[in-house]
Amino acid sequence: MEVGIIGFERSGKTTLFNALTGAKALTGGYTAQGAEPNIAVVKVPDERLDKLAELFKSPKIVHATIKYIDVAGIPAKENQAGTALDESLLRAVTNADAMMAVIRGFDLGGIAPKTESDIETIQAELVLTDLVRVETRLERIEKSVSKIQGDQKKLLEKEQAVLKKCKAALENEKPVRSIEFDGDELKILRAFQLMTLKPLLIVINLGEKETGQSGEWEQKIQAKGLPTQTAVVACCAKNEMEIASIDDPADRQMFLDSFGIEQPAAARVIQVSYEVLGLMSFFTAGPPEAHAWTIHRGDSALDAAGAIHSDLARGFIRAEVISCDDLLRCGSMAAAKKEGVVKLEGKTYVMQDGDVIEVRFSV
């Protein structure tokens, strides 16, 4: 799972990256010319996994992870609608599964933020970037399709049809992910790695004085309506970076209390990143290790078995399934079985977030 972090210069984008990852990347002045992206892999916090490890006395805990890719800031002169994103920036995040747009919500040297305007602008730039790609490819197809025959022509015509669907949406300033595609169409689109096909998380980076207004900002932006697979979180990246740098739990709690913060927003940003990708976790647990596995919402028990190991999917017989909450409440698998909350499920069972599974298989 990869999330590409974009934003205008001086938005606090790299500060947020440091807050999320505990890294110490240079902040301020991170511009596009020749700059390598900052990259880090972080654990997805999940108290359920920690409690399972405690229950089973598992010496090893394996969390789900997210890779964050922080690219150079978009130059201020491009901070206006009607400008496609720089190709070098796009190459750095082309394989990302989702995008995170950091929006300045704090005063900068007496310059007030244009928070709502910046949100509209960055979404417009993503749309324009995709429109340029789609139109370029359509022009090439139109030049080639009349010169070829047979299966190759049919493939090009299918590609042309799906790109025309994309173009129509983009010209109406709608992201590609707002369109319904079938499996074959999605296969065609994967080759283009369109920015607006990826889920988008908008992070409003507030000033220290506005830390307590995060909920109000989130509600305000949500009330305006967000495209499908788009989420918004507000936090103060500067505070979050300081929190991430505090190792002592008591000192960390003191810092949180001083700003009236119940829990670090960084953990929430990570969790929402996970959710906006349409992913969820299921668990395996025992004396060797407690492990969080990642699958898509709606995946089956067979898909879950395959996520653990291909042999489990190939030789799948059935699975013992119990919700994490029920297992923790019962205190052991034996007690859970006596209570009748452990179920035997087949291949088509639809996995639920937080399921604990043991696969029975034969190969």
# chains A, B, ... in the order shown; residues from 1 in each chain; ligands from 1
>>> residues_around(residues="range 310-314 of chain A", least_positions_apart="5", cutoff="8 Å", atoms="only C-alpha atoms", output="list in words")
Leu302, Asp303, Ala305, Val359, Arg360, Phe361, Ser362 and Val363 of chain A
>>> write_last_selection(atoms="N, CA and C atoms", output="PDB file, in the first residue's frame")
ATOM      1  N   LEU A 302     -11.601 -17.252   0.904  1.00  0.00           N
ATOM      2  CA  LEU A 302     -10.576 -17.778   0.001  1.00  0.00           C
ATOM      3  C   LEU A 302      -9.521 -16.700  -0.301  1.00  0.00           C
ATOM      4  N   ASP A 303      -9.973 -15.463  -0.499  1.00  0.00           N
ATOM      5  CA  ASP A 303      -9.041 -14.352  -0.719  1.00  0.00           C
ATOM      6  C   ASP A 303      -8.149 -14.163   0.506  1.00  0.00           C
ATOM      7  N   ALA A 305      -7.312 -16.443   2.712  1.00  0.00           N
ATOM      8  CA  ALA A 305      -6.354 -17.555   2.766  1.00  0.00           C
ATOM      9  C   ALA A 305      -5.189 -17.295   1.829  1.00  0.00           C
ATOM     10  N   VAL A 359      -7.264 -21.233   8.929  1.00  0.00           N
ATOM     11  CA  VAL A 359      -7.624 -21.924   7.693  1.00  0.00           C
ATOM     12  C   VAL A 359      -7.247 -23.399   7.781  1.00  0.00           C
ATOM     13  N   ARG A 360      -8.217 -24.249   7.461  1.00  0.00           N
ATOM     14  CA  ARG A 360      -7.949 -25.684   7.328  1.00  0.00           C
ATOM     15  C   ARG A 360      -7.753 -25.978   5.844  1.00  0.00           C
ATOM     16  N   PHE A 361      -6.655 -26.639   5.519  1.00  0.00           N
ATOM     17  CA  PHE A 361      -6.340 -26.846   4.114  1.00  0.00           C
ATOM     18  C   PHE A 361      -5.593 -28.155   3.924  1.00  0.00           C
ATOM     19  N   SER A 362      -5.530 -28.598   2.677  1.00  0.00           N
ATOM     20  CA  SER A 362      -4.791 -29.816   2.351  1.00  0.00           C
ATOM     21  C   SER A 362      -4.199 -29.668   0.958  1.00  0.00           C
ATOM     22  N   VAL A 363      -2.871 -29.847   0.844  1.00  0.00           N
ATOM     23  CA  VAL A 363      -2.216 -29.787  -0.455  1.00  0.00           C
ATOM     24  C   VAL A 363      -1.336 -30.990  -0.667  1.00  0.00           C
TER      25      VAL A 363
END
>>> residues_around(residues="Gly260 in chain A", least_positions_apart="2", cutoff="12 Å", atoms="only C-alpha atoms", output="list of chain:residue names")
A:Glu208, A:Lys209, A:Glu210, A:Thr211, A:Gly212, A:Gln213, A:Ser214, A:Asn239, A:Gln253, A:Met254, A:Phe255, A:Leu256, A:Asp257, A:Ser258, A:Glu262, A:Gln263, A:Pro264, A:Ala265
>>> atom_distance(atom1="CA of Phe181 in chain A", atom2="CA of Ala92 in chain A")
26.0 Å
>>> closest_residue(among="A:Lys67, A:Lys57, A:Arg104, A:Lys24", to="Ala285 in chain A", atoms="only C-alpha atoms")
A:Lys57
>>> select_by_dssp(residues="range 161-332 of chain A", states="helix (DSSP H, G or I)", output="PyMOL selection string")
chain A and resi 161-171+176-178+183-190+195-197+208-223+237-244+249-258+265-276+301-308+310-314+324-330
>>> write_last_selection(atoms="C-alpha atoms", output="CSV table (one decimal), in the first residue's frame")
chain,number,residue,atom,x,y,z
A,161,ALA,CA,-14.0,3.6,-25.6
A,162,VAL,CA,-13.0,3.6,-22.0
A,163,LEU,CA,-10.7,6.6,-22.4
A,164,LYS,CA,-13.6,8.5,-24.0
A,165,LYS,CA,-15.7,7.7,-20.9
A,166,CYS,CA,-12.8,9.2,-18.8
A,167,LYS,CA,-12.5,12.2,-21.0
A,168,ALA,CA,-16.2,13.0,-20.6
A,169,ALA,CA,-16.0,13.0,-16.8
A,170,LEU,CA,-12.7,15.0,-16.7
A,171,GLU,CA,-14.1,17.6,-19.0
A,176,VAL,CA,-12.3,9.3,-13.0
A,177,ARG,CA,-13.1,7.3,-9.8
A,178,SER,CA,-16.6,8.8,-10.0
A,183,GLY,CA,-13.2,-5.5,-14.7
A,184,ASP,CA,-12.0,-5.3,-18.3
A,185,GLU,CA,-12.1,-1.5,-18.4
A,186,LEU,CA,-10.2,-1.3,-15.1
A,187,LYS,CA,-7.5,-3.5,-16.5
A,188,ILE,CA,-7.1,-1.1,-19.4
A,189,LEU,CA,-7.0,1.9,-17.1
A,190,ARG,CA,-4.3,0.5,-14.8
A,195,MET,CA,-4.3,10.4,-10.6
A,196,THR,CA,-8.0,10.9,-10.2
A,197,LEU,CA,-8.7,7.1,-10.3
A,208,GLU,CA,-1.2,25.7,16.5
A,209,LYS,CA,-4.0,28.0,17.7
A,210,GLU,CA,-6.5,26.3,15.5
A,211,THR,CA,-5.7,22.7,16.7
A,212,GLY,CA,-9.0,22.6,18.6
A,213,GLN,CA,-11.0,23.4,15.4
A,214,SER,CA,-10.1,20.3,13.5
A,215,GLY,CA,-13.6,18.8,13.8
A,216,GLU,CA,-15.2,22.0,12.7
A,217,TRP,CA,-13.0,22.2,9.6
A,218,GLU,CA,-13.7,18.5,8.7
A,219,GLN,CA,-17.4,19.1,8.9
A,220,LYS,CA,-17.2,22.3,6.9
A,221,ILE,CA,-15.4,20.6,4.0
A,222,GLN,CA,-17.6,17.5,4.1
A,223,ALA,CA,-20.7,19.6,4.1
A,237,ALA,CA,1.3,18.9,11.5
A,238,LYS,CA,3.8,20.9,13.5
A,239,ASN,CA,2.4,19.7,16.8
A,240,GLU,CA,2.1,16.2,15.4
A,241,MET,CA,5.8,16.2,14.4
A,242,GLU,CA,6.8,17.3,17.9
A,243,ILE,CA,4.6,14.5,19.4
A,244,ALA,CA,6.2,11.9,17.2
A,249,PRO,CA,5.1,8.3,27.3
A,250,ALA,CA,4.7,10.7,30.3
A,251,ASP,CA,6.2,13.6,28.5
A,252,ARG,CA,4.2,12.8,25.4
A,253,GLN,CA,0.9,12.8,27.4
A,254,MET,CA,1.9,16.1,29.0
A,255,PHE,CA,2.4,17.6,25.6
A,256,LEU,CA,-1.0,16.3,24.5
A,257,ASP,CA,-2.7,17.7,27.6
A,258,SER,CA,-1.2,21.1,27.1
A,265,ALA,CA,-4.0,13.0,15.0
A,266,ALA,CA,-1.2,11.2,13.1
A,267,ALA,CA,-2.7,7.8,14.1
A,268,ARG,CA,-6.0,8.9,12.7
A,269,VAL,CA,-4.5,10.1,9.4
A,270,ILE,CA,-2.8,6.7,9.0
A,271,GLN,CA,-6.0,4.9,9.7
A,272,VAL,CA,-8.1,7.1,7.3
A,273,SER,CA,-5.4,6.5,4.7
A,274,TYR,CA,-6.0,2.8,5.1
A,275,GLU,CA,-9.8,3.2,5.0
A,276,VAL,CA,-9.8,5.4,1.9
A,301,ALA,CA,-12.4,-16.3,3.0
A,302,LEU,CA,-10.6,-17.8,0.0
A,303,ASP,CA,-9.0,-14.4,-0.7
A,304,ALA,CA,-8.0,-14.1,2.9
A,305,ALA,CA,-6.4,-17.6,2.8
A,306,GLY,CA,-4.5,-16.5,-0.3
A,307,ALA,CA,-3.2,-13.3,1.4
A,308,ILE,CA,-1.6,-15.5,4.1
A,310,SER,CA,-1.0,-19.3,-1.8
A,311,ASP,CA,-1.0,-22.9,-0.5
A,312,LEU,CA,-3.8,-22.1,1.9
A,313,ALA,CA,-5.9,-20.9,-1.0
A,314,ARG,CA,-5.0,-23.8,-3.3
A,324,CYS,CA,-11.8,-10.2,17.4
A,325,ASP,CA,-14.2,-8.6,19.9
A,326,ASP,CA,-15.8,-12.0,20.6
A,327,LEU,CA,-12.5,-13.7,21.1
A,328,LEU,CA,-11.2,-11.0,23.4
A,329,ARG,CA,-14.4,-11.1,25.4
A,330,CYS,CA,-14.3,-14.9,25.7
>>> residues_around(residues="Leu201 in chain A", least_positions_apart="2", cutoff="12 Å", atoms="only C-alpha atoms", output="JSON, numbers by chain")
{"A": [3, 4, 5, 6, 7, 97, 98, 99, 100, 101, 102, 103, 119, 122, 123, 196, 198, 199, 203, 204, 218, 226, 227, 228, 229, 230, 231, 232, 233, 234, 268, 269, 270, 271, 272, 273, 274, 275, 276, 277]}
>>> write_last_selection(atoms="N, CA and C atoms", output="tab-separated table (two decimals), in the first residue's frame")
chain	number	residue	atom	x	y	z
A	3	VAL	N	0.96	5.55	-0.49
A	3	VAL	CA	0.22	6.81	-0.53
A	3	VAL	C	1.19	7.92	-0.93
A	4	GLY	N	0.88	8.61	-2.03
A	4	GLY	CA	1.71	9.73	-2.47
A	4	GLY	C	1.23	11.02	-1.84
A	5	ILE	N	2.16	11.77	-1.26
A	5	ILE	CA	1.81	13.03	-0.58
A	5	ILE	C	2.19	14.20	-1.49
A	6	ILE	N	1.19	15.00	-1.84
A	6	ILE	CA	1.43	16.18	-2.67
A	6	ILE	C	0.90	17.42	-1.95
A	7	GLY	N	1.30	18.57	-2.43
A	7	GLY	CA	0.82	19.82	-1.86
A	7	GLY	C	1.63	20.99	-2.38
A	97	ASP	N	-1.13	3.89	-4.52
A	97	ASP	CA	-2.50	3.39	-4.51
A	97	ASP	C	-3.50	4.48	-4.19
A	98	ALA	N	-3.03	5.53	-3.49
A	98	ALA	CA	-3.89	6.66	-3.13
A	98	ALA	C	-3.05	7.91	-3.06
A	99	MET	N	-3.71	9.06	-3.11
A	99	MET	CA	-3.04	10.35	-3.02
A	99	MET	C	-3.46	11.06	-1.74
A	100	MET	N	-2.52	11.81	-1.14
A	100	MET	CA	-2.81	12.65	0.01
A	100	MET	C	-2.43	14.08	-0.36
A	101	ALA	N	-3.39	14.97	-0.31
A	101	ALA	CA	-3.14	16.38	-0.63
A	101	ALA	C	-3.12	17.18	0.67
A	102	VAL	N	-1.97	17.80	0.97
A	102	VAL	CA	-1.84	18.61	2.18
A	102	VAL	C	-2.15	20.06	1.83
A	103	ILE	N	-3.07	20.66	2.57
A	103	ILE	CA	-3.57	22.01	2.29
A	103	ILE	C	-3.22	22.93	3.46
A	119	ILE	N	-8.04	23.62	-1.91
A	119	ILE	CA	-8.61	22.28	-2.08
A	119	ILE	C	-9.19	22.16	-3.49
A	122	ILE	N	-6.22	22.13	-6.16
A	122	ILE	CA	-5.41	20.91	-6.29
A	122	ILE	C	-6.24	19.79	-6.92
A	123	GLN	N	-7.53	19.75	-6.63
A	123	GLN	CA	-8.38	18.76	-7.29
A	123	GLN	C	-8.49	19.07	-8.79
A	196	THR	N	-6.71	10.77	-10.77
A	196	THR	CA	-8.05	10.87	-10.19
A	196	THR	C	-8.78	9.53	-10.13
A	198	LYS	N	-7.25	7.25	-8.38
A	198	LYS	CA	-6.77	6.88	-7.05
A	198	LYS	C	-7.62	7.59	-5.99
A	199	PRO	N	-7.93	6.92	-4.86
A	199	PRO	CA	-8.60	7.61	-3.76
A	199	PRO	C	-7.79	8.81	-3.29
A	203	VAL	N	-5.73	16.54	3.68
A	203	VAL	CA	-5.32	16.86	5.05
A	203	VAL	C	-5.16	18.37	5.17
A	204	ILE	N	-5.98	18.98	6.01
A	204	ILE	CA	-5.89	20.42	6.25
A	204	ILE	C	-4.91	20.62	7.40
A	218	GLU	N	-13.30	19.76	9.38
A	218	GLU	CA	-13.68	18.55	8.67
A	218	GLU	C	-15.16	18.57	8.28
A	226	LEU	N	-18.02	15.90	-1.13
A	226	LEU	CA	-16.74	15.39	-1.61
A	226	LEU	C	-16.98	14.30	-2.65
A	227	PRO	N	-16.13	14.22	-3.66
A	227	PRO	CA	-16.27	13.15	-4.65
A	227	PRO	C	-16.12	11.78	-3.99
A	228	THR	N	-16.54	10.74	-4.69
A	228	THR	CA	-16.41	9.39	-4.16
A	228	THR	C	-14.96	9.07	-3.84
A	229	GLN	N	-14.75	8.24	-2.82
A	229	GLN	CA	-13.42	7.84	-2.37
A	229	GLN	C	-12.52	9.03	-2.06
A	230	THR	N	-13.12	10.03	-1.41
A	230	THR	CA	-12.39	11.20	-0.96
A	230	THR	C	-12.71	11.41	0.51
A	231	ALA	N	-11.68	11.65	1.33
A	231	ALA	CA	-11.86	11.86	2.76
A	231	ALA	C	-11.09	13.10	3.18
A	232	VAL	N	-11.43	13.67	4.33
A	232	VAL	CA	-10.74	14.85	4.82
A	232	VAL	C	-10.41	14.70	6.30
A	233	VAL	N	-9.21	15.13	6.67
A	233	VAL	CA	-8.76	15.13	8.06
A	233	VAL	C	-8.08	16.47	8.31
A	234	ALA	N	-8.31	17.06	9.48
A	234	ALA	CA	-7.64	18.31	9.84
A	234	ALA	C	-6.78	18.08	11.07
A	268	ARG	N	-4.74	8.86	13.42
A	268	ARG	CA	-6.00	8.92	12.68
A	268	ARG	C	-5.76	9.10	11.19
A	269	VAL	N	-4.77	9.93	10.84
A	269	VAL	CA	-4.45	10.13	9.43
A	269	VAL	C	-4.04	8.80	8.79
A	270	ILE	N	-3.23	8.03	9.53
A	270	ILE	CA	-2.79	6.73	9.02
A	270	ILE	C	-3.99	5.80	8.82
A	271	GLN	N	-4.88	5.78	9.81
A	271	GLN	CA	-6.05	4.90	9.73
A	271	GLN	C	-6.97	5.29	8.58
A	272	VAL	N	-7.19	6.61	8.39
A	272	VAL	CA	-8.06	7.07	7.31
A	272	VAL	C	-7.41	6.78	5.96
A	273	SER	N	-6.07	6.88	5.90
A	273	SER	CA	-5.36	6.51	4.67
A	273	SER	C	-5.69	5.06	4.31
A	274	TYR	N	-5.70	4.20	5.31
A	274	TYR	CA	-5.99	2.78	5.14
A	274	TYR	C	-7.43	2.58	4.67
A	275	GLU	N	-8.35	3.35	5.30
A	275	GLU	CA	-9.76	3.20	4.98
A	275	GLU	C	-10.11	3.72	3.58
A	276	VAL	N	-9.48	4.85	3.19
A	276	VAL	CA	-9.83	5.45	1.89
A	276	VAL	C	-9.40	4.54	0.74
A	277	LEU	N	-8.46	3.63	1.02
A	277	LEU	CA	-8.04	2.67	0.02
A	277	LEU	C	-9.02	1.50	-0.10
>>> select_by_dssp(residues="range 85-301 of chain A", states="strand (DSSP E)", output="compact mmCIF listing (two decimals) with N, CA and C atoms, in the first residue's frame")
# COMPACT_ATOMS: atom_id res chain seq x y z
N ALA A 98 -3.03 5.53 -3.49
CA ALA A 98 -3.89 6.66 -3.13
C ALA A 98 -3.05 7.91 -3.06
N MET A 99 -3.71 9.06 -3.11
CA MET A 99 -3.04 10.35 -3.02
C MET A 99 -3.46 11.06 -1.74
N MET A 100 -2.52 11.81 -1.14
CA MET A 100 -2.81 12.65 0.01
C MET A 100 -2.43 14.08 -0.36
N ALA A 101 -3.39 14.97 -0.31
CA ALA A 101 -3.14 16.38 -0.63
C ALA A 101 -3.12 17.18 0.67
N VAL A 102 -1.97 17.80 0.97
CA VAL A 102 -1.84 18.61 2.18
C VAL A 102 -2.15 20.06 1.83
N ILE A 103 -3.07 20.66 2.57
CA ILE A 103 -3.57 22.01 2.29
C ILE A 103 -3.22 22.93 3.46
N ARG A 104 -2.62 24.06 3.15
CA ARG A 104 -2.26 25.00 4.22
C ARG A 104 -3.49 25.62 4.84
N GLY A 105 -3.58 25.50 6.17
CA GLY A 105 -4.68 26.09 6.92
C GLY A 105 -4.18 27.02 8.00
N LEU A 200 -8.47 9.81 -2.72
CA LEU A 200 -7.80 11.04 -2.30
C LEU A 200 -8.13 11.35 -0.84
N LEU A 201 -7.08 11.58 -0.05
CA LEU A 201 -7.23 12.03 1.33
C LEU A 201 -6.75 13.48 1.40
N ILE A 202 -7.62 14.38 1.79
CA ILE A 202 -7.27 15.79 1.95
C ILE A 202 -6.93 16.03 3.42
N VAL A 203 -5.73 16.54 3.68
CA VAL A 203 -5.32 16.86 5.05
C VAL A 203 -5.16 18.37 5.17
N ILE A 204 -5.98 18.98 6.01
CA ILE A 204 -5.89 20.42 6.25
C ILE A 204 -4.91 20.62 7.40
N ASN A 205 -3.80 21.29 7.11
CA ASN A 205 -2.74 21.52 8.08
C ASN A 205 -3.00 22.84 8.82
N LEU A 206 -3.51 22.74 10.02
CA LEU A 206 -3.90 23.91 10.80
C LEU A 206 -2.73 24.50 11.57
N THR A 230 -13.12 10.03 -1.41
CA THR A 230 -12.39 11.20 -0.96
C THR A 230 -12.71 11.41 0.51
N ALA A 231 -11.68 11.65 1.33
CA ALA A 231 -11.86 11.86 2.76
C ALA A 231 -11.09 13.10 3.18
N VAL A 232 -11.43 13.67 4.33
CA VAL A 232 -10.74 14.85 4.82
C VAL A 232 -10.41 14.70 6.30
N VAL A 233 -9.21 15.13 6.67
CA VAL A 233 -8.76 15.13 8.06
C VAL A 233 -8.08 16.47 8.31
N ALA A 234 -8.31 17.06 9.48
CA ALA A 234 -7.64 18.31 9.84
C ALA A 234 -6.78 18.08 11.07
N CYS A 235 -5.57 18.62 11.07
CA CYS A 235 -4.67 18.48 12.22
C CYS A 235 -3.59 19.55 12.12
N LEU A 279 -9.57 -0.77 2.24
CA LEU A 279 -8.92 -1.94 2.80
C LEU A 279 -9.39 -2.20 4.23
N MET A 280 -9.14 -3.39 4.70
CA MET A 280 -9.43 -3.74 6.08
C MET A 280 -8.45 -4.81 6.53
N SER A 281 -8.46 -5.08 7.81
CA SER A 281 -7.54 -6.08 8.37
C SER A 281 -8.29 -7.27 8.94
N PHE A 282 -7.72 -8.43 8.75
CA PHE A 282 -8.14 -9.60 9.51
C PHE A 282 -6.89 -10.14 10.20
N PHE A 283 -7.08 -11.04 11.15
CA PHE A 283 -5.96 -11.45 11.99
C PHE A 283 -5.78 -12.96 12.04
N THR A 284 -4.53 -13.35 12.21
CA THR A 284 -4.20 -14.69 12.68
C THR A 284 -3.42 -14.49 13.96
N ALA A 285 -3.61 -15.38 14.92
CA ALA A 285 -2.94 -15.19 16.21
C ALA A 285 -2.66 -16.52 16.87
N GLU A 289 3.08 -15.78 16.64
CA GLU A 289 2.93 -14.37 16.30
C GLU A 289 1.46 -13.99 16.18
N ALA A 290 1.21 -12.69 16.36
CA ALA A 290 -0.08 -12.09 16.06
C ALA A 290 0.13 -11.25 14.81
N HIS A 291 -0.69 -11.48 13.79
CA HIS A 291 -0.41 -10.90 12.47
C HIS A 291 -1.67 -10.25 11.90
N ALA A 292 -1.54 -9.00 11.46
CA ALA A 292 -2.62 -8.31 10.74
C ALA A 292 -2.39 -8.47 9.25
N TRP A 293 -3.41 -8.96 8.56
CA TRP A 293 -3.32 -9.17 7.11
C TRP A 293 -4.26 -8.20 6.42
N THR A 294 -3.87 -7.77 5.25
CA THR A 294 -4.63 -6.74 4.54
C THR A 294 -5.37 -7.33 3.35
N ILE A 295 -6.68 -7.03 3.27
CA ILE A 295 -7.50 -7.42 2.12
C ILE A 295 -8.45 -6.28 1.82
N HIS A 296 -9.13 -6.36 0.67
CA HIS A 296 -10.13 -5.36 0.32
C HIS A 296 -11.47 -5.71 0.97
>>> closest_residue(among="A:Asp248, A:Glu120, A:Gln160, A:Val350", to="Gly225 in chain A", atoms="only C-alpha atoms")
A:Glu120
>>> residues_around(residues="Ser146 in chain A", least_positions_apart="6", cutoff="12 Å", atoms="only C-alpha atoms", output="ChimeraX atom specification")
/A:140,152-154,156-157
>>> residues_around(residues="Ser332 in chain A", least_positions_apart="5", cutoff="9 Å", atoms="only C-alpha atoms", output="PDB file with C-alpha atoms, in the first residue's frame")
ATOM      1  CA  LEU A  55      -4.034 -12.839  24.880  1.00  0.00           C
ATOM      2  CA  PHE A  56      -1.941 -15.429  23.007  1.00  0.00           C
ATOM      3  CA  LEU A 327     -12.482 -13.711  21.052  1.00  0.00           C
ATOM      4  CA  LYS A 337     -16.158 -22.527  20.940  1.00  0.00           C
TER       5      LYS A 337
END
